>>> print(open('entry-v7.txt').read())   # compact mmCIF, N, CA and C atoms
# COMPACT_ATOMS: atom_id res chain seq x y z
N MET A 1 53.13 -71.04 -106.72
CA MET A 1 52.96 -70.10 -105.62
C MET A 1 53.20 -68.67 -106.11
N ARG A 2 54.12 -68.51 -107.05
CA ARG A 2 54.37 -67.17 -107.58
C ARG A 2 53.11 -66.58 -108.22
N ALA A 3 52.34 -67.40 -108.90
CA ALA A 3 51.11 -66.94 -109.53
C ALA A 3 50.09 -66.52 -108.47
N ALA A 4 50.00 -67.25 -107.38
CA ALA A 4 49.08 -66.89 -106.30
C ALA A 4 49.48 -65.56 -105.67
N ILE A 5 50.77 -65.37 -105.46
CA ILE A 5 51.26 -64.12 -104.89
C ILE A 5 50.99 -62.96 -105.84
N ALA A 6 51.22 -63.19 -107.13
CA ALA A 6 50.96 -62.13 -108.13
C ALA A 6 49.49 -61.75 -108.16
N LEU A 7 48.58 -62.74 -108.06
CA LEU A 7 47.15 -62.45 -108.02
C LEU A 7 46.79 -61.60 -106.80
N ALA A 8 47.42 -61.92 -105.67
CA ALA A 8 47.17 -61.16 -104.45
C ALA A 8 47.61 -59.71 -104.61
N ILE A 9 48.80 -59.51 -105.11
CA ILE A 9 49.34 -58.16 -105.28
C ILE A 9 48.52 -57.38 -106.31
N ASP A 10 48.17 -58.03 -107.41
CA ASP A 10 47.34 -57.37 -108.44
C ASP A 10 45.99 -56.96 -107.86
N GLY A 11 45.39 -57.84 -107.05
CA GLY A 11 44.10 -57.53 -106.45
C GLY A 11 44.18 -56.34 -105.50
N VAL A 12 45.24 -56.29 -104.72
CA VAL A 12 45.43 -55.15 -103.82
C VAL A 12 45.59 -53.87 -104.62
N ASN A 13 46.47 -53.91 -105.61
CA ASN A 13 46.73 -52.71 -106.42
C ASN A 13 45.50 -52.23 -107.18
N ALA A 14 44.63 -53.16 -107.58
CA ALA A 14 43.41 -52.80 -108.31
C ALA A 14 42.25 -52.45 -107.37
N GLY A 15 42.45 -52.64 -106.07
CA GLY A 15 41.40 -52.31 -105.12
C GLY A 15 40.26 -53.31 -105.08
N ARG A 16 40.52 -54.56 -105.47
CA ARG A 16 39.47 -55.56 -105.51
C ARG A 16 39.23 -56.25 -104.17
N GLY A 17 40.22 -56.25 -103.28
CA GLY A 17 40.06 -56.95 -102.01
C GLY A 17 41.36 -57.07 -101.26
N GLY A 18 41.34 -57.94 -100.27
CA GLY A 18 42.51 -58.13 -99.41
C GLY A 18 43.66 -58.81 -100.13
N PRO A 19 44.80 -58.92 -99.44
CA PRO A 19 46.04 -59.40 -100.05
C PRO A 19 46.14 -60.93 -100.14
N PHE A 20 45.19 -61.51 -100.85
CA PHE A 20 45.15 -62.97 -100.92
C PHE A 20 44.94 -63.43 -102.36
N GLY A 21 45.69 -64.44 -102.77
CA GLY A 21 45.57 -65.02 -104.10
C GLY A 21 45.75 -66.52 -104.02
N ALA A 22 45.16 -67.23 -104.98
CA ALA A 22 45.25 -68.69 -104.99
C ALA A 22 45.16 -69.20 -106.42
N VAL A 23 45.84 -70.30 -106.68
CA VAL A 23 45.71 -71.00 -107.95
C VAL A 23 45.53 -72.48 -107.68
N ILE A 24 44.87 -73.15 -108.61
CA ILE A 24 44.70 -74.60 -108.55
C ILE A 24 45.36 -75.19 -109.77
N VAL A 25 46.14 -76.23 -109.52
CA VAL A 25 46.93 -76.87 -110.56
C VAL A 25 46.54 -78.34 -110.68
N LYS A 26 46.41 -78.79 -111.92
CA LYS A 26 46.17 -80.21 -112.21
C LYS A 26 47.12 -80.62 -113.31
N ASP A 27 47.86 -81.68 -113.07
CA ASP A 27 48.82 -82.20 -114.05
C ASP A 27 49.76 -81.11 -114.57
N GLY A 28 50.20 -80.24 -113.65
CA GLY A 28 51.17 -79.20 -114.01
C GLY A 28 50.58 -77.98 -114.69
N GLN A 29 49.27 -77.94 -114.88
CA GLN A 29 48.62 -76.81 -115.55
C GLN A 29 47.70 -76.08 -114.57
N VAL A 30 47.71 -74.75 -114.62
CA VAL A 30 46.79 -73.96 -113.80
C VAL A 30 45.39 -74.12 -114.37
N VAL A 31 44.47 -74.59 -113.53
CA VAL A 31 43.08 -74.79 -113.97
C VAL A 31 42.10 -73.87 -113.23
N GLY A 32 42.60 -73.13 -112.25
CA GLY A 32 41.74 -72.21 -111.51
C GLY A 32 42.57 -71.10 -110.89
N ARG A 33 42.00 -69.90 -110.91
CA ARG A 33 42.67 -68.73 -110.34
C ARG A 33 41.68 -67.97 -109.47
N GLY A 34 42.20 -67.37 -108.42
CA GLY A 34 41.33 -66.56 -107.58
C GLY A 34 42.11 -65.54 -106.79
N ALA A 35 41.52 -64.36 -106.68
CA ALA A 35 42.03 -63.33 -105.79
C ALA A 35 40.89 -62.94 -104.87
N ASN A 36 41.20 -62.39 -103.73
CA ASN A 36 40.19 -61.96 -102.79
C ASN A 36 39.34 -60.86 -103.43
N LEU A 37 38.02 -61.04 -103.42
CA LEU A 37 37.08 -60.09 -104.01
C LEU A 37 36.03 -59.63 -103.00
N VAL A 38 36.32 -59.80 -101.73
CA VAL A 38 35.33 -59.54 -100.69
C VAL A 38 34.78 -58.12 -100.77
N THR A 39 35.66 -57.13 -100.80
CA THR A 39 35.18 -55.74 -100.74
C THR A 39 34.64 -55.24 -102.07
N SER A 40 35.15 -55.75 -103.17
CA SER A 40 34.68 -55.26 -104.48
C SER A 40 33.36 -55.90 -104.90
N THR A 41 33.03 -57.05 -104.34
CA THR A 41 31.78 -57.72 -104.70
C THR A 41 30.78 -57.74 -103.54
N ASN A 42 31.19 -57.20 -102.40
CA ASN A 42 30.35 -57.23 -101.19
C ASN A 42 29.92 -58.66 -100.87
N ASP A 43 30.85 -59.58 -101.00
CA ASP A 43 30.60 -61.00 -100.76
C ASP A 43 31.62 -61.51 -99.74
N PRO A 44 31.20 -61.75 -98.50
CA PRO A 44 32.14 -62.20 -97.48
C PRO A 44 32.73 -63.58 -97.75
N THR A 45 32.15 -64.32 -98.70
CA THR A 45 32.69 -65.64 -99.03
C THR A 45 33.66 -65.60 -100.21
N ALA A 46 33.90 -64.44 -100.79
CA ALA A 46 34.75 -64.34 -101.99
C ALA A 46 36.22 -64.29 -101.64
N HIS A 47 36.65 -65.26 -100.85
CA HIS A 47 38.07 -65.40 -100.53
C HIS A 47 38.78 -66.01 -101.73
N ALA A 48 40.07 -65.79 -101.82
CA ALA A 48 40.84 -66.24 -102.99
C ALA A 48 40.68 -67.74 -103.23
N GLU A 49 40.74 -68.54 -102.18
CA GLU A 49 40.64 -69.99 -102.34
C GLU A 49 39.27 -70.39 -102.88
N ILE A 50 38.22 -69.75 -102.38
CA ILE A 50 36.86 -70.06 -102.84
C ILE A 50 36.70 -69.66 -104.30
N VAL A 51 37.20 -68.47 -104.65
CA VAL A 51 37.12 -68.01 -106.04
C VAL A 51 37.88 -68.97 -106.95
N ALA A 52 39.06 -69.42 -106.52
CA ALA A 52 39.86 -70.35 -107.33
C ALA A 52 39.16 -71.71 -107.47
N ILE A 53 38.56 -72.19 -106.40
CA ILE A 53 37.84 -73.47 -106.46
C ILE A 53 36.66 -73.36 -107.43
N ARG A 54 35.92 -72.28 -107.33
CA ARG A 54 34.78 -72.08 -108.25
C ARG A 54 35.26 -72.02 -109.70
N ASP A 55 36.36 -71.31 -109.92
CA ASP A 55 36.90 -71.18 -111.28
C ASP A 55 37.34 -72.53 -111.82
N ALA A 56 38.07 -73.30 -111.02
CA ALA A 56 38.55 -74.61 -111.46
C ALA A 56 37.38 -75.56 -111.73
N CYS A 57 36.40 -75.57 -110.86
CA CYS A 57 35.25 -76.45 -111.06
C CYS A 57 34.50 -76.10 -112.34
N GLU A 58 34.34 -74.81 -112.58
CA GLU A 58 33.65 -74.38 -113.80
C GLU A 58 34.46 -74.77 -115.04
N ARG A 59 35.74 -74.51 -115.01
CA ARG A 59 36.59 -74.83 -116.18
C ARG A 59 36.64 -76.33 -116.47
N LEU A 60 36.71 -77.13 -115.39
CA LEU A 60 36.83 -78.58 -115.56
C LEU A 60 35.48 -79.28 -115.67
N GLY A 61 34.40 -78.59 -115.32
CA GLY A 61 33.07 -79.19 -115.39
C GLY A 61 32.85 -80.26 -114.33
N VAL A 62 33.41 -80.04 -113.14
CA VAL A 62 33.32 -81.01 -112.04
C VAL A 62 33.00 -80.27 -110.74
N PHE A 63 32.59 -81.04 -109.72
CA PHE A 63 32.43 -80.43 -108.41
C PHE A 63 33.39 -81.02 -107.39
N HIS A 64 34.22 -81.95 -107.82
CA HIS A 64 35.33 -82.47 -107.01
C HIS A 64 36.62 -82.21 -107.77
N LEU A 65 37.63 -81.79 -107.05
CA LEU A 65 38.92 -81.47 -107.67
C LEU A 65 39.99 -82.48 -107.27
N ALA A 66 39.62 -83.75 -107.27
CA ALA A 66 40.57 -84.81 -106.95
C ALA A 66 41.75 -84.73 -107.92
N GLY A 67 42.94 -84.91 -107.40
CA GLY A 67 44.13 -84.85 -108.23
C GLY A 67 44.65 -83.44 -108.43
N CYS A 68 43.97 -82.45 -107.88
CA CYS A 68 44.40 -81.06 -108.01
C CYS A 68 45.09 -80.59 -106.72
N GLU A 69 45.94 -79.60 -106.89
CA GLU A 69 46.64 -78.98 -105.76
C GLU A 69 46.33 -77.49 -105.75
N LEU A 70 46.22 -76.95 -104.55
CA LEU A 70 45.96 -75.53 -104.39
C LEU A 70 47.21 -74.85 -103.84
N PHE A 71 47.53 -73.71 -104.40
CA PHE A 71 48.62 -72.86 -103.92
C PHE A 71 47.98 -71.55 -103.49
N THR A 72 48.16 -71.18 -102.24
CA THR A 72 47.56 -69.97 -101.72
C THR A 72 48.60 -69.19 -100.94
N CYS A 73 48.56 -67.88 -101.07
CA CYS A 73 49.62 -67.07 -100.47
C CYS A 73 49.48 -66.95 -98.96
N CYS A 74 48.37 -67.45 -98.38
CA CYS A 74 48.20 -67.40 -96.93
C CYS A 74 47.49 -68.66 -96.45
N GLU A 75 47.81 -69.09 -95.26
CA GLU A 75 47.17 -70.24 -94.65
C GLU A 75 45.65 -70.03 -94.67
N PRO A 76 44.88 -71.00 -95.12
CA PRO A 76 43.44 -70.82 -95.28
C PRO A 76 42.70 -70.59 -93.96
N CYS A 77 41.67 -69.76 -94.04
CA CYS A 77 40.78 -69.54 -92.91
C CYS A 77 39.90 -70.78 -92.75
N PRO A 78 39.11 -70.86 -91.68
CA PRO A 78 38.26 -72.04 -91.50
C PRO A 78 37.29 -72.30 -92.65
N MET A 79 36.70 -71.24 -93.23
CA MET A 79 35.78 -71.43 -94.36
C MET A 79 36.50 -72.03 -95.55
N CYS A 80 37.66 -71.48 -95.87
CA CYS A 80 38.42 -71.96 -97.03
C CYS A 80 38.96 -73.36 -96.80
N LEU A 81 39.37 -73.65 -95.58
CA LEU A 81 39.84 -75.00 -95.26
C LEU A 81 38.72 -76.01 -95.46
N ALA A 82 37.52 -75.66 -95.01
CA ALA A 82 36.38 -76.55 -95.23
C ALA A 82 36.12 -76.74 -96.72
N ALA A 83 36.21 -75.66 -97.50
CA ALA A 83 35.99 -75.76 -98.95
C ALA A 83 37.05 -76.65 -99.61
N ILE A 84 38.27 -76.59 -99.13
CA ILE A 84 39.34 -77.45 -99.65
C ILE A 84 38.97 -78.91 -99.46
N TYR A 85 38.43 -79.23 -98.29
CA TYR A 85 38.02 -80.62 -98.05
C TYR A 85 36.79 -80.99 -98.87
N TRP A 86 35.80 -80.09 -98.97
CA TRP A 86 34.62 -80.38 -99.78
C TRP A 86 35.00 -80.58 -101.25
N ALA A 87 36.00 -79.86 -101.72
CA ALA A 87 36.42 -79.97 -103.11
C ALA A 87 37.30 -81.20 -103.37
N HIS A 88 37.71 -81.88 -102.32
CA HIS A 88 38.54 -83.09 -102.43
C HIS A 88 39.90 -82.81 -103.08
N LEU A 89 40.46 -81.65 -102.78
CA LEU A 89 41.80 -81.35 -103.30
C LEU A 89 42.81 -82.34 -102.72
N ALA A 90 43.82 -82.65 -103.49
CA ALA A 90 44.83 -83.62 -103.06
C ALA A 90 45.71 -83.06 -101.95
N ARG A 91 46.06 -81.78 -102.07
CA ARG A 91 46.91 -81.12 -101.08
C ARG A 91 46.88 -79.64 -101.32
N PHE A 92 47.39 -78.88 -100.35
CA PHE A 92 47.52 -77.44 -100.57
C PHE A 92 48.81 -76.94 -99.95
N TYR A 93 49.30 -75.88 -100.53
CA TYR A 93 50.52 -75.21 -100.09
C TYR A 93 50.13 -73.78 -99.71
N PHE A 94 50.76 -73.24 -98.68
CA PHE A 94 50.46 -71.86 -98.30
C PHE A 94 51.74 -71.11 -97.97
N GLY A 95 51.68 -69.79 -98.16
CA GLY A 95 52.83 -68.93 -97.88
C GLY A 95 52.76 -68.38 -96.47
N CYS A 96 52.08 -67.25 -96.30
CA CYS A 96 51.97 -66.61 -94.99
C CYS A 96 51.16 -67.49 -94.04
N THR A 97 51.38 -67.28 -92.75
CA THR A 97 50.64 -68.02 -91.73
C THR A 97 49.47 -67.19 -91.21
N THR A 98 48.61 -67.83 -90.42
CA THR A 98 47.51 -67.09 -89.80
C THR A 98 48.05 -66.00 -88.88
N ALA A 99 49.19 -66.25 -88.26
CA ALA A 99 49.80 -65.22 -87.40
C ALA A 99 50.25 -64.02 -88.23
N ASP A 100 50.79 -64.28 -89.43
CA ASP A 100 51.16 -63.17 -90.33
C ASP A 100 49.94 -62.35 -90.70
N ALA A 101 48.83 -63.04 -91.01
CA ALA A 101 47.59 -62.34 -91.39
C ALA A 101 47.05 -61.54 -90.22
N HIS A 102 47.11 -62.13 -89.05
CA HIS A 102 46.64 -61.43 -87.84
C HIS A 102 47.44 -60.13 -87.63
N ALA A 103 48.72 -60.18 -87.90
CA ALA A 103 49.59 -59.02 -87.69
C ALA A 103 49.22 -57.83 -88.56
N ILE A 104 48.52 -58.06 -89.69
CA ILE A 104 48.11 -56.94 -90.55
C ILE A 104 46.59 -56.71 -90.52
N GLY A 105 45.92 -57.28 -89.51
CA GLY A 105 44.51 -57.00 -89.32
C GLY A 105 43.53 -58.02 -89.88
N PHE A 106 44.02 -59.16 -90.35
CA PHE A 106 43.14 -60.21 -90.87
C PHE A 106 43.22 -61.40 -89.92
N SER A 107 42.37 -61.39 -88.91
CA SER A 107 42.42 -62.46 -87.91
C SER A 107 41.16 -63.30 -87.97
N ASP A 108 41.34 -64.61 -88.02
CA ASP A 108 40.21 -65.52 -87.96
C ASP A 108 40.19 -66.27 -86.63
N GLN A 109 40.98 -65.78 -85.67
CA GLN A 109 41.08 -66.46 -84.38
C GLN A 109 39.73 -66.56 -83.68
N ALA A 110 38.93 -65.52 -83.74
CA ALA A 110 37.62 -65.56 -83.08
C ALA A 110 36.74 -66.66 -83.67
N ILE A 111 36.82 -66.85 -84.98
CA ILE A 111 36.04 -67.91 -85.62
C ILE A 111 36.57 -69.28 -85.19
N ARG A 112 37.87 -69.42 -85.21
CA ARG A 112 38.47 -70.70 -84.78
C ARG A 112 38.06 -71.03 -83.35
N GLU A 113 38.00 -70.03 -82.48
CA GLU A 113 37.59 -70.24 -81.09
C GLU A 113 36.12 -70.64 -81.01
N GLN A 114 35.28 -70.09 -81.87
CA GLN A 114 33.86 -70.44 -81.88
C GLN A 114 33.65 -71.92 -82.21
N PHE A 115 34.43 -72.44 -83.14
CA PHE A 115 34.30 -73.85 -83.51
C PHE A 115 34.60 -74.79 -82.35
N ALA A 116 35.45 -74.34 -81.45
CA ALA A 116 35.83 -75.17 -80.31
C ALA A 116 34.73 -75.22 -79.24
N LEU A 117 33.77 -74.31 -79.32
CA LEU A 117 32.70 -74.23 -78.31
C LEU A 117 31.52 -75.12 -78.68
N ASP A 118 30.78 -75.52 -77.68
CA ASP A 118 29.51 -76.19 -77.90
C ASP A 118 28.58 -75.21 -78.60
N ALA A 119 27.73 -75.67 -79.49
CA ALA A 119 26.86 -74.78 -80.27
C ALA A 119 26.09 -73.80 -79.39
N ALA A 120 25.63 -74.24 -78.23
CA ALA A 120 24.85 -73.37 -77.36
C ALA A 120 25.68 -72.24 -76.75
N ALA A 121 27.00 -72.38 -76.74
CA ALA A 121 27.88 -71.37 -76.13
C ALA A 121 28.46 -70.39 -77.15
N ARG A 122 28.16 -70.56 -78.43
CA ARG A 122 28.74 -69.70 -79.47
C ARG A 122 28.08 -68.32 -79.46
N SER A 123 28.78 -67.34 -80.00
CA SER A 123 28.31 -65.95 -79.97
C SER A 123 27.13 -65.69 -80.90
N ILE A 124 26.97 -66.49 -81.94
CA ILE A 124 25.80 -66.38 -82.82
C ILE A 124 24.89 -67.57 -82.49
N PRO A 125 23.70 -67.30 -82.00
CA PRO A 125 22.82 -68.40 -81.61
C PRO A 125 22.47 -69.32 -82.78
N ALA A 126 22.46 -70.60 -82.51
CA ALA A 126 22.04 -71.63 -83.47
C ALA A 126 20.81 -72.31 -82.87
N ILE A 127 19.66 -72.11 -83.49
CA ILE A 127 18.41 -72.54 -82.89
C ILE A 127 17.74 -73.59 -83.79
N PRO A 128 17.60 -74.81 -83.31
CA PRO A 128 16.91 -75.83 -84.11
C PRO A 128 15.48 -75.41 -84.40
N LEU A 129 15.01 -75.67 -85.63
CA LEU A 129 13.66 -75.26 -86.03
C LEU A 129 13.15 -76.17 -87.15
N MET A 130 11.99 -76.73 -86.98
CA MET A 130 11.26 -77.52 -87.98
C MET A 130 12.09 -78.69 -88.54
N ARG A 131 12.73 -79.43 -87.66
CA ARG A 131 13.53 -80.57 -88.11
C ARG A 131 12.67 -81.59 -88.85
N GLY A 132 11.53 -81.92 -88.31
CA GLY A 132 10.67 -82.92 -88.93
C GLY A 132 10.31 -82.56 -90.36
N GLN A 133 9.91 -81.32 -90.57
CA GLN A 133 9.55 -80.87 -91.91
C GLN A 133 10.79 -80.79 -92.81
N SER A 134 11.91 -80.41 -92.24
CA SER A 134 13.15 -80.30 -93.02
C SER A 134 13.64 -81.66 -93.50
N LEU A 135 13.34 -82.71 -92.74
CA LEU A 135 13.74 -84.05 -93.15
C LEU A 135 13.09 -84.47 -94.46
N ALA A 136 12.03 -83.79 -94.88
CA ALA A 136 11.38 -84.11 -96.15
C ALA A 136 12.36 -83.93 -97.32
N ALA A 137 13.22 -82.93 -97.23
CA ALA A 137 14.23 -82.74 -98.29
C ALA A 137 15.21 -83.90 -98.31
N PHE A 138 15.58 -84.40 -97.14
CA PHE A 138 16.49 -85.55 -97.08
C PHE A 138 15.81 -86.80 -97.62
N ASP A 139 14.54 -86.96 -97.30
CA ASP A 139 13.78 -88.10 -97.84
C ASP A 139 13.72 -88.02 -99.37
N ALA A 140 13.48 -86.83 -99.89
CA ALA A 140 13.44 -86.65 -101.35
C ALA A 140 14.78 -87.04 -101.97
N TRP A 141 15.87 -86.67 -101.31
CA TRP A 141 17.21 -86.99 -101.80
C TRP A 141 17.46 -88.50 -101.78
N THR A 142 17.18 -89.14 -100.65
CA THR A 142 17.48 -90.57 -100.53
C THR A 142 16.60 -91.43 -101.43
N SER A 143 15.42 -90.94 -101.78
CA SER A 143 14.55 -91.72 -102.66
C SER A 143 14.77 -91.42 -104.14
N LYS A 144 15.63 -90.48 -104.45
CA LYS A 144 15.89 -90.11 -105.84
C LYS A 144 16.87 -91.13 -106.44
N PRO A 145 16.44 -91.94 -107.40
CA PRO A 145 17.29 -93.01 -107.92
C PRO A 145 18.49 -92.49 -108.74
N ASP A 146 18.36 -91.32 -109.33
CA ASP A 146 19.44 -90.82 -110.19
C ASP A 146 20.26 -89.72 -109.51
N ARG A 147 20.29 -89.69 -108.17
CA ARG A 147 21.04 -88.64 -107.47
C ARG A 147 22.54 -88.80 -107.74
N VAL A 148 23.22 -87.70 -107.76
CA VAL A 148 24.68 -87.69 -107.96
C VAL A 148 25.33 -87.66 -106.59
N PRO A 149 26.00 -88.74 -106.19
CA PRO A 149 26.60 -88.75 -104.85
C PRO A 149 27.75 -87.75 -104.71
N TYR A 150 27.88 -87.22 -103.54
CA TYR A 150 28.96 -86.31 -103.23
C TYR A 150 30.19 -87.12 -102.89
>>> encode(input="entry-v7.txt", output="structure tokens")
Amino acid sequence: MRAAIALAIDGVNAGRGGPFGAVIVKDGQVVGRGANLVTSTNDPTAHAEIVAIRDACERLGVFHLAGCELFTCCEPCPMCLAAIYWAHLARFYFGCTTADAHAIGFSDQAIREQFALDAAARSIPAIPLMRGQSLAAFDAWTSKPDRVPY
């Protein structure tokens, strides 16, 4: 956790992004590091946890991080929480809470509230389009004998 906090502070001091840092550990060794890079890369997905997951996957040559643990200086936002599950991390530890983040201007409450709504009631419209044609990609996937399962 100290390494995650240090990454967050270094990122703030260097002007790379918000006060967030994360590390991924496997068998007692750090295999991934990430600091928030949203403002320096103009990438709204460059949260510390996402950056750390990408780093660990690249270093380990895998797309699942089973057996790994994530340490992050703040409770993950909905996007990062989803990425934690997609990455199959064993567990995660966090320092600050979402309430702490909200208190300094980083609130994901509106996003959390959107997830609770029916898709038709959300603030960003979600409009079904060309489902039949889109299913062709799924057919290609299911008929591919050498596909790599997720």
>>> closest_residue(input="entry-v7.txt", among="A:Val148, A:Ala48, A:Ile111, A:Cys57", to="Thr72 (chain A)", atoms="only C-alpha atoms")
A:Ala48
>>> closest_residue(input="entry-v7.txt", among="A:Ser123, A:Gly34, A:Ala83, A:Pro76", to="Ala46 (chain A)", atoms="all atoms listed in the file")
A:Gly34
>>> residues_near_point(input="entry-v7.txt", point="(38.6, -65.4, -107.0)", cutoff="6 Å", atoms="only N, CA and C atoms", output="PyMOL selection string")
chain A and resi 33-37+46-48+50-52
>>> closest_residue(input="entry-v7.txt", among="A:Ala121, A:Thr41, A:Asp108, A:Leu65", to="Cys77 (chain A)", atoms="all atoms listed in the file")
A:Asp108
>>> select_by_dssp(input="entry-v7.txt", residues="chain A", states="strand (DSSP E)", output="list in words")
Gly21, Ala22, Val23, Ile24, Val25, Lys26, Gln29, Val30, Val31, Gly32, Arg33, Gly34, Ala35, Cys68, Glu69, Leu70, Phe71, Thr72, Cys73, Cys74, Arg91, Phe92, Tyr93, Phe94, Gly95 and Cys96 of chain A
>>> atom_distance(input="entry-v7.txt", atom1="atom N of Glu69 (chain A)", atom2="CA of Ala3 (chain A)")
13.9 Å
>>> atom_distance(input="entry-v7.txt", atom1="CA of Met79 (chain A)", atom2="CA of Glu49 (chain A)")
9.5 Å
>>> atom_distance(input="entry-v7.txt", atom1="atom C of Phe92 (chain A)", atom2="atom C of Pro149 (chain A)")
24.1 Å
>>> closest_residue(input="entry-v7.txt", among="A:Ala87, A:Pro44, A:Glu58, A:Phe94", to="Ala22 (chain A)", atoms="only C-alpha atoms")
A:Phe94
>>> closest_residue(input="entry-v7.txt", among="A:Cys74, A:Ala66, A:Ile124, A:Val30", to="Tyr93 (chain A)", atoms="only C-alpha atoms")
A:Cys74
>>> axis_aligned_box(input="entry-v7.txt", around="region 95-103 of chain A", padding_each_side="3 Å", output="lines of an AutoDock Vina configuration file")
center_x = 49.7
center_y = -63.8
center_z = -92.8
size_x = 12.2
size_y = 18.0
size_z = 16.8
>>> select_by_dssp(input="entry-v7.txt", residues="region 83-142 of chain A", states="alpha helix (DSSP H)", output="mmCIF file with N, CA and C atoms, in the frame of the given file")
data_model
loop_
_atom_site.group_PDB
_atom_site.id
_atom_site.type_symbol
_atom_site.label_atom_id
_atom_site.label_comp_id
_atom_site.auth_asym_id
_atom_site.auth_seq_id
_atom_site.Cartn_x
_atom_site.Cartn_y
_atom_site.Cartn_z
ATOM 1 N N ALA A 83 36.210 -75.660 -97.500
ATOM 2 C CA ALA A 83 35.990 -75.760 -98.950
ATOM 3 C C ALA A 83 37.050 -76.650 -99.610
ATOM 4 N N ILE A 84 38.270 -76.590 -99.130
ATOM 5 C CA ILE A 84 39.340 -77.450 -99.650
ATOM 6 C C ILE A 84 38.970 -78.910 -99.460
ATOM 7 N N TYR A 85 38.430 -79.230 -98.290
ATOM 8 C CA TYR A 85 38.020 -80.620 -98.050
ATOM 9 C C TYR A 85 36.790 -80.990 -98.870
ATOM 10 N N TRP A 86 35.800 -80.090 -98.970
ATOM 11 C CA TRP A 86 34.620 -80.380 -99.780
ATOM 12 C C TRP A 86 35.000 -80.580 -101.250
ATOM 13 N N THR A 98 48.610 -67.830 -90.420
ATOM 14 C CA THR A 98 47.510 -67.090 -89.800
ATOM 15 C C THR A 98 48.050 -66.000 -88.880
ATOM 16 N N ALA A 99 49.190 -66.250 -88.260
ATOM 17 C CA ALA A 99 49.800 -65.220 -87.400
ATOM 18 C C ALA A 99 50.250 -64.020 -88.230
ATOM 19 N N ASP A 100 50.790 -64.280 -89.430
ATOM 20 C CA ASP A 100 51.160 -63.170 -90.330
ATOM 21 C C ASP A 100 49.940 -62.350 -90.700
ATOM 22 N N ALA A 101 48.830 -63.040 -91.010
ATOM 23 C CA ALA A 101 47.590 -62.340 -91.390
ATOM 24 C C ALA A 101 47.050 -61.540 -90.220
ATOM 25 N N HIS A 102 47.110 -62.130 -89.050
ATOM 26 C CA HIS A 102 46.640 -61.430 -87.840
ATOM 27 C C HIS A 102 47.440 -60.130 -87.630
ATOM 28 N N ALA A 103 48.720 -60.180 -87.900
ATOM 29 C CA ALA A 103 49.590 -59.020 -87.690
ATOM 30 C C ALA A 103 49.220 -57.830 -88.560
ATOM 31 N N GLN A 109 40.980 -65.780 -85.670
ATOM 32 C CA GLN A 109 41.080 -66.460 -84.380
ATOM 33 C C GLN A 109 39.730 -66.560 -83.680
ATOM 34 N N ALA A 110 38.930 -65.520 -83.740
ATOM 35 C CA ALA A 110 37.620 -65.560 -83.080
ATOM 36 C C ALA A 110 36.740 -66.660 -83.670
ATOM 37 N N ILE A 111 36.820 -66.850 -84.980
ATOM 38 C CA ILE A 111 36.040 -67.910 -85.620
ATOM 39 C C ILE A 111 36.570 -69.280 -85.190
ATOM 40 N N ARG A 112 37.870 -69.420 -85.210
ATOM 41 C CA ARG A 112 38.470 -70.700 -84.780
ATOM 42 C C ARG A 112 38.060 -71.030 -83.350
ATOM 43 N N GLU A 113 38.000 -70.030 -82.480
ATOM 44 C CA GLU A 113 37.590 -70.240 -81.090
ATOM 45 C C GLU A 113 36.120 -70.640 -81.010
ATOM 46 N N GLN A 114 35.280 -70.090 -81.870
ATOM 47 C CA GLN A 114 33.860 -70.440 -81.880
ATOM 48 C C GLN A 114 33.650 -71.920 -82.210
ATOM 49 N N PHE A 115 34.430 -72.440 -83.140
ATOM 50 C CA PHE A 115 34.300 -73.850 -83.510
ATOM 51 C C PHE A 115 34.600 -74.790 -82.350
ATOM 52 N N ALA A 116 35.450 -74.340 -81.450
ATOM 53 C CA ALA A 116 35.830 -75.170 -80.310
ATOM 54 C C ALA A 116 34.730 -75.220 -79.240
ATOM 55 N N ARG A 131 12.730 -79.430 -87.660
ATOM 56 C CA ARG A 131 13.530 -80.570 -88.110
ATOM 57 C C ARG A 131 12.670 -81.590 -88.850
ATOM 58 N N GLY A 132 11.530 -81.920 -88.310
ATOM 59 C CA GLY A 132 10.670 -82.920 -88.930
ATOM 60 C C GLY A 132 10.310 -82.560 -90.360
ATOM 61 N N GLN A 133 9.910 -81.320 -90.570
ATOM 62 C CA GLN A 133 9.550 -80.870 -91.910
ATOM 63 C C GLN A 133 10.790 -80.790 -92.810
ATOM 64 N N SER A 134 11.910 -80.410 -92.240
ATOM 65 C CA SER A 134 13.150 -80.300 -93.020
ATOM 66 C C SER A 134 13.640 -81.660 -93.500
ATOM 67 N N LEU A 135 13.340 -82.710 -92.740
ATOM 68 C CA LEU A 135 13.740 -84.050 -93.150
ATOM 69 C C LEU A 135 13.090 -84.470 -94.460
ATOM 70 N N ALA A 136 12.030 -83.790 -94.880
ATOM 71 C CA ALA A 136 11.380 -84.110 -96.150
ATOM 72 C C ALA A 136 12.360 -83.930 -97.320
ATOM 73 N N ALA A 137 13.220 -82.930 -97.230
ATOM 74 C CA ALA A 137 14.230 -82.740 -98.290
ATOM 75 C C ALA A 137 15.210 -83.900 -98.310
ATOM 76 N N PHE A 138 15.580 -84.400 -97.140
ATOM 77 C CA PHE A 138 16.490 -85.550 -97.080
ATOM 78 C C PHE A 138 15.810 -86.800 -97.620
ATOM 79 N N ASP A 139 14.540 -86.960 -97.300
ATOM 80 C CA ASP A 139 13.780 -88.100 -97.840
ATOM 81 C C ASP A 139 13.720 -88.020 -99.370
ATOM 82 N N ALA A 140 13.480 -86.830 -99.890
ATOM 83 C CA ALA A 140 13.440 -86.650 -101.350
ATOM 84 C C ALA A 140 14.780 -87.040 -101.970
ATOM 85 N N TRP A 141 15.870 -86.670 -101.310
ATOM 86 C CA TRP A 141 17.210 -86.990 -101.800
ATOM 87 C C TRP A 141 17.460 -88.500 -101.780
ATOM 88 N N THR A 142 17.180 -89.140 -100.650
ATOM 89 C CA THR A 142 17.480 -90.570 -100.530
ATOM 90 C C THR A 142 16.600 -91.430 -101.430
#
>>> closest_residue(input="entry-v7.txt", among="A:Pro125, A:Asn42, A:Ala103, A:Gly32", to="Arg59 (chain A)", atoms="only N, CA and C atoms")
A:Gly32
